[in-house]
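Just coords.pdb here, PDB, C-alpha atoms, pLDDT in the B column:
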```pdb
ATOM      1  CA  MET G   4      51.969  11.572   1.960  1.00 76.00           C
ATOM      2  CA  PRO G   5      51.403  15.101   0.659  1.00 88.00           C
ATOM      3  CA  VAL G   6      48.747  17.289   2.278  1.00 90.00           C
ATOM      4  CA  TRP G   7      46.622  17.437  -0.882  1.00 89.00           C
ATOM      5  CA  GLU G   8      46.462  13.623  -1.001  1.00 91.00           C
ATOM      6  CA  THR G   9      45.382  13.429   2.651  1.00 92.00           C
ATOM      7  CA  LEU G  10      42.752  16.090   2.004  1.00 93.00           C
ATOM      8  CA  LEU G  11      41.510  14.125  -1.015  1.00 93.00           C
ATOM      9  CA  TRP G  12      41.132  10.977   1.117  1.00 94.00           C
ATOM     10  CA  VAL G  13      39.238  12.923   3.800  1.00 94.00           C
ATOM     11  CA  VAL G  14      36.829  14.339   1.198  1.00 94.00           C
ATOM     12  CA  PHE G  15      36.355  10.855  -0.263  1.00 95.00           C
ATOM     13  CA  ALA G  16      35.618   9.423   3.209  1.00 95.00           C
ATOM     14  CA  VAL G  17      33.064  12.152   3.963  1.00 95.00           C
ATOM     15  CA  VAL G  18      31.307  11.688   0.614  1.00 95.00           C
ATOM     16  CA  MET G  19      31.191   7.892   0.953  1.00 97.00           C
ATOM     17  CA  THR G  20      29.891   8.149   4.528  1.00 96.00           C
ATOM     18  CA  ALA G  21      27.103  10.456   3.338  1.00 95.00           C
ATOM     19  CA  VAL G  22      26.233   8.052   0.498  1.00 95.00           C
ATOM     20  CA  VAL G  23      26.049   5.081   2.884  1.00 95.00           C
ATOM     21  CA  VAL G  24      23.955   6.985   5.461  1.00 95.00           C
ATOM     22  CA  PHE G  25      21.576   8.242   2.732  1.00 95.00           C
ATOM     23  CA  SER G  26      21.256   4.734   1.250  1.00 95.00           C
ATOM     24  CA  ILE G  27      20.435   3.186   4.635  1.00 95.00           C
ATOM     25  CA  GLY G  28      17.839   5.899   5.246  1.00 93.00           C
ATOM     26  CA  ALA G  29      16.275   5.407   1.802  1.00 91.00           C
ATOM     27  CA  VAL G  30      16.027   1.636   2.260  1.00 91.00           C
ATOM     28  CA  GLY G  31      14.473   2.110   5.712  1.00 92.00           C
ATOM     29  CA  TYR G  32      11.922   4.574   4.310  1.00 88.00           C
ATOM     30  CA  MET G  33      10.967   2.239   1.439  1.00 86.00           C
ATOM     31  CA  ARG G  34      10.562  -0.741   3.774  1.00 88.00           C
ATOM     32  CA  ARG G  35       8.373   1.265   6.168  1.00 89.00           C
ATOM     33  CA  GLU G  36       6.159   2.530   3.329  1.00 85.00           C
ATOM     34  CA  SER G  37       5.839  -0.977   1.875  1.00 85.00           C
ATOM     35  CA  ARG G  38       4.809  -2.334   5.300  1.00 88.00           C
ATOM     36  CA  LEU G  39       2.124   0.366   5.635  1.00 88.00           C
ATOM     37  CA  TYR G  40       0.536  -0.618   2.323  1.00 86.00           C
ATOM     38  CA  SER G  41       0.981  -4.371   2.864  1.00 87.00           C
ATOM     39  CA  ALA G  42      -0.739  -4.301   6.267  1.00 89.00           C
ATOM     40  CA  GLU G  43      -4.198  -4.223   4.641  1.00 90.00           C
ATOM     41  CA  GLN G  44      -3.559  -7.558   2.933  1.00 88.00           C
ATOM     42  CA  LYS G  45      -2.644  -9.152   6.257  1.00 91.00           C
ATOM     43  CA  LEU G  46      -5.777  -7.682   7.826  1.00 91.00           C
ATOM     44  CA  TRP G  47      -7.811  -9.145   4.947  1.00 91.00           C
ATOM     45  CA  LEU G  48      -6.432 -12.624   5.671  1.00 90.00           C
ATOM     46  CA  SER G  49      -7.878 -12.498   9.181  1.00 90.00           C
ATOM     47  CA  LEU G  50     -11.124 -10.714   8.250  1.00 92.00           C
ATOM     48  CA  ALA G  51     -11.801 -13.201   5.436  1.00 89.00           C
ATOM     49  CA  GLN G  52     -12.723 -15.692   8.148  1.00 89.00           C
ATOM     50  CA  THR G  53     -14.254 -13.535  10.867  1.00 89.00           C
ATOM     51  CA  GLY G  54     -15.149 -10.224   9.218  1.00 89.00           C
ATOM     52  CA  GLN G  55     -18.596  -8.895   8.438  1.00 92.00           C
ATOM     53  CA  PRO G  56     -19.171  -8.354   4.677  1.00 93.00           C
ATOM     54  CA  VAL G  57     -20.440  -4.949   3.589  1.00 94.00           C
ATOM     55  CA  ASP G  58     -20.591  -2.899   0.401  1.00 94.00           C
ATOM     56  CA  GLY G  59     -18.818   0.424   0.366  1.00 94.00           C
ATOM     57  CA  VAL G  60     -18.806   3.398  -1.987  1.00 95.00           C
ATOM     58  CA  LEU G  61     -15.423   4.524  -3.256  1.00 95.00           C
ATOM     59  CA  ARG G  62     -15.093   8.291  -2.858  1.00 93.00           C
ATOM     60  CA  SER G  63     -11.577   8.701  -4.176  1.00 92.00           C
ATOM     61  CA  LEU G  64      -8.322   7.006  -5.058  1.00 92.00           C
ATOM     62  CA  ARG G  65      -4.941   8.588  -4.367  1.00 92.00           C
ATOM     63  CA  MET G  66      -1.715   7.199  -5.707  1.00 91.00           C
ATOM     64  CA  HIS G  67       1.314   7.064  -3.403  1.00 88.00           C
ATOM     65  CA  PRO G  68       3.087  10.448  -3.561  1.00 85.00           C
ATOM     66  CA  GLY G  69       6.253   8.743  -4.782  1.00 82.00           C
ATOM     67  CA  ASN G  70       4.373   6.463  -7.234  1.00 83.00           C
ATOM     68  CA  MET G  71       5.552   3.444  -5.253  1.00 83.00           C
ATOM     69  CA  THR G  72       5.223   0.141  -7.087  1.00 82.00           C
ATOM     70  CA  ARG G  73       6.464  -3.367  -6.450  1.00 79.00           C
ATOM     71  CA  GLY G  74       6.130  -6.845  -7.855  1.00 75.00           C
ATOM     72  CA  GLY G  75       2.781  -8.483  -7.205  1.00 75.00           C
ATOM     73  CA  SER G  76       2.098 -12.039  -6.115  1.00 72.00           C
ATOM     74  CA  ARG G  77       2.386 -13.319  -9.693  1.00 72.00           C
ATOM     75  CA  GLY G  78       5.182 -11.106 -11.008  1.00 70.00           C
ATOM     76  CA  GLN G  79       2.957  -8.259 -12.218  1.00 80.00           C
ATOM     77  CA  THR G  80       3.334  -4.647 -11.111  1.00 86.00           C
ATOM     78  CA  VAL G  81       1.146  -3.403  -8.265  1.00 88.00           C
ATOM     79  CA  CYS G  82       0.779   0.267  -7.293  1.00 90.00           C
ATOM     80  CA  ALA G  83       0.441   1.689  -3.801  1.00 91.00           C
ATOM     81  CA  VAL G  84      -2.881   3.535  -3.459  1.00 94.00           C
ATOM     82  CA  VAL G  85      -5.114   4.996  -0.774  1.00 94.00           C
ATOM     83  CA  LEU G  86      -8.811   4.253  -1.242  1.00 94.00           C
ATOM     84  CA  GLU G  87     -11.282   6.548   0.544  1.00 95.00           C
ATOM     85  CA  VAL G  88     -14.404   4.442   1.149  1.00 95.00           C
ATOM     86  CA  ASP G  89     -17.772   5.133   2.815  1.00 95.00           C
ATOM     87  CA  TYR G  90     -19.680   2.191   4.298  1.00 94.00           C
ATOM     88  CA  ALA G  91     -22.381   1.498   6.868  1.00 92.00           C
ATOM     89  CA  ASP G  92     -21.977  -1.208   9.514  1.00 87.00           C
ATOM     90  CA  THR G  93     -24.790  -3.604  10.470  1.00 85.00           C
ATOM     91  CA  ALA G  94     -26.165  -1.042  12.946  1.00 86.00           C
ATOM     92  CA  GLY G  95     -26.477   1.488  10.119  1.00 86.00           C
ATOM     93  CA  THR G  96     -23.693   3.771  11.358  1.00 89.00           C
ATOM     94  CA  LEU G  97     -21.864   5.453   8.479  1.00 93.00           C
ATOM     95  CA  HIS G  98     -18.069   5.108   8.490  1.00 92.00           C
ATOM     96  CA  THR G  99     -15.322   6.479   6.287  1.00 93.00           C
ATOM     97  CA  ALA G 100     -12.124   4.493   5.862  1.00 92.00           C
ATOM     98  CA  SER G 101      -8.789   5.305   4.265  1.00 93.00           C
ATOM     99  CA  ILE G 102      -7.477   1.984   3.025  1.00 94.00           C
ATOM    100  CA  ARG G 103      -3.815   1.831   2.035  1.00 94.00           C
ATOM    101  CA  THR G 104      -3.225  -1.130  -0.235  1.00 93.00           C
ATOM    102  CA  PHE G 105      -1.620  -2.350  -3.444  1.00 92.00           C
ATOM    103  CA  VAL G 106      -3.674  -2.583  -6.665  1.00 92.00           C
ATOM    104  CA  GLU G 107      -2.457  -4.103  -9.911  1.00 91.00           C
ATOM    105  CA  ASP G 108      -1.605  -1.308 -12.320  1.00 88.00           C
ATOM    106  CA  ALA G 109      -4.036  -2.631 -14.959  1.00 87.00           C
ATOM    107  CA  LEU G 110      -6.918  -2.405 -12.441  1.00 90.00           C
ATOM    108  CA  VAL G 111      -6.241   1.138 -11.209  1.00 90.00           C
ATOM    109  CA  PRO G 112      -8.609   2.733 -13.794  1.00 91.00           C
ATOM    110  CA  ARG G 113     -11.489   0.586 -12.473  1.00 90.00           C
ATOM    111  CA  PHE G 114     -10.991   2.150  -9.043  1.00 89.00           C
ATOM    112  CA  GLN G 115     -11.096   5.657 -10.497  1.00 89.00           C
ATOM    113  CA  GLU G 116     -14.744   5.305 -11.543  1.00 86.00           C
ATOM    114  CA  PRO G 117     -16.926   7.741  -9.571  1.00 81.00           C
ATOM    115  CA  LEU G 118     -18.956   6.176  -6.753  1.00 90.00           C
ATOM    116  CA  LYS G 119     -17.789   2.649  -7.560  1.00 92.00           C
ATOM    117  CA  ILE G 120     -19.108  -0.072  -5.249  1.00 94.00           C
ATOM    118  CA  VAL G 121     -16.328  -1.992  -3.495  1.00 95.00           C
ATOM    119  CA  HIS G 122     -16.847  -5.014  -1.307  1.00 95.00           C
ATOM    120  CA  LEU G 123     -15.348  -4.817   2.163  1.00 95.00           C
ATOM    121  CA  ARG G 124     -15.004  -6.872   5.305  1.00 95.00           C
ATOM    122  CA  TYR G 125     -14.811  -5.241   8.713  1.00 93.00           C
ATOM    123  CA  ASP G 126     -14.381  -6.395  12.285  1.00 91.00           C
ATOM    124  CA  PRO G 127     -17.797  -6.252  14.038  1.00 87.00           C
ATOM    125  CA  ARG G 128     -16.062  -5.338  17.327  1.00 89.00           C
ATOM    126  CA  ASN G 129     -14.053  -2.547  15.665  1.00 86.00           C
ATOM    127  CA  ALA G 130     -15.727  -1.070  12.586  1.00 79.00           C
ATOM    128  CA  ALA G 131     -12.601   0.969  11.836  1.00 82.00           C
ATOM    129  CA  SER G 132     -10.737  -2.270  11.100  1.00 90.00           C
ATOM    130  CA  VAL G 133     -11.699  -2.701   7.456  1.00 94.00           C
ATOM    131  CA  ALA G 134     -10.164  -4.402   4.407  1.00 94.00           C
ATOM    132  CA  ILE G 135     -11.079  -4.930   0.766  1.00 95.00           C
ATOM    133  CA  ASP G 136     -12.874  -8.252   0.188  1.00 94.00           C
ATOM    134  CA  ARG G 137     -10.523  -9.691  -2.408  1.00 91.00           C
ATOM    135  CA  GLU G 138     -12.925 -12.496  -3.314  1.00 91.00           C
ATOM    136  CA  ARG G 139     -15.577 -10.021  -4.499  1.00 93.00           C
ATOM    137  CA  THR G 140     -13.434  -6.996  -5.424  1.00 92.00           C
ATOM    138  CA  PRO G 141     -10.125  -8.329  -6.773  1.00 90.00           C
ATOM    139  CA  LEU G 142      -7.059  -6.131  -6.498  1.00 90.00           C
ATOM    140  CA  GLU G 143      -5.052  -8.333  -8.868  1.00 88.00           C
ATOM    141  CA  ILE G 144      -6.048  -9.931 -12.149  1.00 83.00           C
ATOM    142  CA  PRO G 145      -6.321 -13.700 -11.703  1.00 76.00           C
ATOM    143  CA  ARG G 146      -3.735 -15.555 -13.761  1.00 72.00           C
ATOM    144  CA  VAL G 147      -4.450 -18.648 -15.810  1.00 68.00           C
ATOM    145  CA  SER G 148      -2.508 -21.608 -14.459  1.00 60.00           C
TER     146      SER G 148
END
```

What would you get if you wrote out this structure as structure tokens?
Amino acid sequence: MPVWETLLWVVFAVVMTAVVVFSIGAVGYMRRESRLYSAEQKLWLSLAQTGQPVDGVLRSLRMHPGNMTRGGSRGQTVCAVVLEVDYADTAGTLHTASIRTFVEDALVPRFQEPLKIVHLRYDPRNAASVAIDRERTPLEIPRVS
């Protein structure tokens, strides 16, 4: 085998190794980011039963820096957002929460309204554990069956 052909195979192997390593890293990053934004929905499932309801005031909405989207529960597109919310617990203590969650793309403009009231549920033992009350403030448009 000529030297140039061996060199070509070495370059090919290096490039393919870099592509595989980059792809594995990208998939790992996307899975980690998706887990961060999906965690709020899991918290909601537990707080729906035991959480204390409270109204909060939406201070701001930030989209994911990479405009991350995924398929929603009914095939629609949901966007990763961070909601900055102020709320007071039952003792009257004011709290600020950054809630990472997914919101259906058609509903994102509703969350951009200034000082919008959002319904929350929080853990009375840990007021920092807060989730959007999906029964009163839907994050997805209900579909007709």

Practice task
Would you mind telling me which residue in G:Ala83, G:Gln52, G:Arg77, G:Asp58 lies nearest to Met33 of chain G when using only C-alpha atoms?
Solution key: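 Using only C-alpha atoms, the shortest distance to Met33 of chain G belongs to G:Ala83.
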
Practice task
Identify all residues satisfying the PyMOL selection byres ((chain G and resi 51) around 12) in the given file; provide them as a ChimeraX atom specification.
Solution key: /G:43-50,52-56,122-126,133-139

Fill in the blank from the handout: Nearest to Val84 of chain G, restricted to only C-alpha atoms and choosing among G:Met66, G:Met19, G:Leu110, G:Met71, comes out as G:Met66

Practice task
Take the PyMOL selection byres ((chain G and resi 117) around 10), apply it to the structure above, and return the hits as a ChimeraX atom specification.
Solution key: /G:60-64,113-116,118-120

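Across the structure, atom CA of Val81 of chain G and atom CA of Pro68 of chain G are spaced 14.8 Å apart.
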
Exercise for the section: Provide the atom CA of Arg128 of chain G to atom CA of Val88 of chain G distance in Å, to one decimal place. Expected result: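 So the two atoms, atom CA of Arg128 of chain G and atom CA of Val88 of chain G, lie 19.0 Å apart.
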
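When the PyMOL selection byres ((chain G and resi 93) around 10) is evaluated against the file, it yields Gln55, Pro56, Val57, Tyr90, Ala91, Asp92, Ala94, Gly95, Thr96, Leu97, Pro127 and Ala130 of chain G.
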
Practice task
Counting all atoms listed in the file, select every polymer residue within 9 Å of (0.8, -2.7, -9.9) as defined in the file's coordinates, and provide the selection as a PyMOL selection string.
Solution key: chain G and resi 72-75+79-83+105-111+143

Problem - Two-atom distance - atom CA of Thr140 of chain G, atom CA of Ser37 of chain G (Å) - result: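 Separating atom CA of Thr140 of chain G from atom CA of Ser37 of chain G is a distance of 21.5 Å.
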
Adding 4 Å on each side of the box along x, y and z that holds all listed atoms of segment 54-67 of chain G, could you give its centre and edge lengths in Å to one decimal, as lines of an AutoDock Vina configuration file?
```
center_x = -9.6
center_y = -0.8
center_z = 1.8
size_x = 29.9
size_y = 26.9
size_z = 22.9
```

Handout entry: From G:Asp89, G:Gly28, G:Ser41, G:Phe15, residue lying nearest Ala131 of chain G [only C-alpha atoms]
Key =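 Ranked by minimum distance to Ala131 of chain G, first place goes to G:Asp89.
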
Handout entry: For Thr99 of chain G, the nearest of the candidates G:Ser76, G:Gly59, G:Arg146, G:His67, counting all atoms listed in the file
Key =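 Going through G:Ser76, G:Gly59, G:Arg146, G:His67 one by one, the smallest distance to Thr99 of chain G is for G:Gly59.
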
Can you put N, CA and C atoms back into segment 10-34 of chain G and show it as an mmCIF file, in the frame of the given file?
```cif
data_model
loop_
_atom_site.group_PDB
_atom_site.id
_atom_site.type_symbol
_atom_site.label_atom_id
_atom_site.label_comp_id
_atom_site.auth_asym_id
_atom_site.auth_seq_id
_atom_site.Cartn_x
_atom_site.Cartn_y
_atom_site.Cartn_z
ATOM 1 N N LEU G 10 44.000 15.356 2.128
ATOM 2 C CA LEU G 10 42.752 16.090 2.004
ATOM 3 C C LEU G 10 41.789 15.386 1.033
ATOM 4 N N LEU G 11 42.331 14.857 -0.045
ATOM 5 C CA LEU G 11 41.510 14.125 -1.015
ATOM 6 C C LEU G 11 40.889 12.885 -0.375
ATOM 7 N N TRP G 12 41.664 12.159 0.434
ATOM 8 C CA TRP G 12 41.132 10.977 1.117
ATOM 9 C C TRP G 12 40.066 11.351 2.144
ATOM 10 N N VAL G 13 40.222 12.461 2.824
ATOM 11 C CA VAL G 13 39.238 12.923 3.800
ATOM 12 C C VAL G 13 37.926 13.279 3.086
ATOM 13 N N VAL G 14 38.029 13.987 1.965
ATOM 14 C CA VAL G 14 36.829 14.339 1.198
ATOM 15 C C VAL G 14 36.138 13.067 0.702
ATOM 16 N N PHE G 15 36.909 12.128 0.213
ATOM 17 C CA PHE G 15 36.355 10.855 -0.263
ATOM 18 C C PHE G 15 35.632 10.126 0.875
ATOM 19 N N ALA G 16 36.232 10.098 2.058
ATOM 20 C CA ALA G 16 35.618 9.423 3.209
ATOM 21 C C ALA G 16 34.314 10.106 3.610
ATOM 22 N N VAL G 17 34.282 11.422 3.604
ATOM 23 C CA VAL G 17 33.064 12.152 3.963
ATOM 24 C C VAL G 17 31.956 11.879 2.943
ATOM 25 N N VAL G 18 32.307 11.933 1.666
ATOM 26 C CA VAL G 18 31.307 11.688 0.614
ATOM 27 C C VAL G 18 30.784 10.262 0.713
ATOM 28 N N MET G 19 31.632 9.287 0.879
ATOM 29 C CA MET G 19 31.191 7.892 0.953
ATOM 30 C C MET G 19 30.352 7.639 2.208
ATOM 31 N N THR G 20 30.693 8.280 3.314
ATOM 32 C CA THR G 20 29.891 8.149 4.528
ATOM 33 C C THR G 20 28.498 8.715 4.299
ATOM 34 N N ALA G 21 28.409 9.855 3.637
ATOM 35 C CA ALA G 21 27.103 10.456 3.338
ATOM 36 C C ALA G 21 26.288 9.546 2.415
ATOM 37 N N VAL G 22 26.929 8.952 1.418
ATOM 38 C CA VAL G 22 26.233 8.052 0.498
ATOM 39 C C VAL G 22 25.689 6.839 1.251
ATOM 40 N N VAL G 23 26.483 6.254 2.128
ATOM 41 C CA VAL G 23 26.049 5.081 2.884
ATOM 42 C C VAL G 23 24.895 5.447 3.822
ATOM 43 N N VAL G 24 25.013 6.567 4.538
ATOM 44 C CA VAL G 24 23.955 6.985 5.461
ATOM 45 C C VAL G 24 22.664 7.269 4.688
ATOM 46 N N PHE G 25 22.753 7.960 3.548
ATOM 47 C CA PHE G 25 21.576 8.242 2.732
ATOM 48 C C PHE G 25 20.958 6.945 2.214
ATOM 49 N N SER G 26 21.769 6.005 1.771
ATOM 50 C CA SER G 26 21.256 4.734 1.250
ATOM 51 C C SER G 26 20.527 3.947 2.337
ATOM 52 N N ILE G 27 21.077 3.890 3.521
ATOM 53 C CA ILE G 27 20.435 3.186 4.635
ATOM 54 C C ILE G 27 19.105 3.862 4.973
ATOM 55 N N GLY G 28 19.079 5.172 4.986
ATOM 56 C CA GLY G 28 17.839 5.899 5.246
ATOM 57 C C GLY G 28 16.796 5.654 4.167
ATOM 58 N N ALA G 29 17.210 5.635 2.910
ATOM 59 C CA ALA G 29 16.275 5.407 1.802
ATOM 60 C C ALA G 29 15.693 4.002 1.862
ATOM 61 N N VAL G 30 16.514 3.014 2.149
ATOM 62 C CA VAL G 30 16.027 1.636 2.260
ATOM 63 C C VAL G 30 15.055 1.517 3.435
ATOM 64 N N GLY G 31 15.374 2.133 4.550
ATOM 65 C CA GLY G 31 14.473 2.110 5.712
ATOM 66 C C GLY G 31 13.136 2.761 5.392
ATOM 67 N N TYR G 32 13.158 3.888 4.698
ATOM 68 C CA TYR G 32 11.922 4.574 4.310
ATOM 69 C C TYR G 32 11.081 3.695 3.390
ATOM 70 N N MET G 33 11.699 3.084 2.388
ATOM 71 C CA MET G 33 10.967 2.239 1.439
ATOM 72 C C MET G 33 10.372 1.017 2.127
ATOM 73 N N ARG G 34 11.096 0.423 3.051
ATOM 74 C CA ARG G 34 10.562 -0.741 3.774
ATOM 75 C C ARG G 34 9.372 -0.352 4.644
#
```
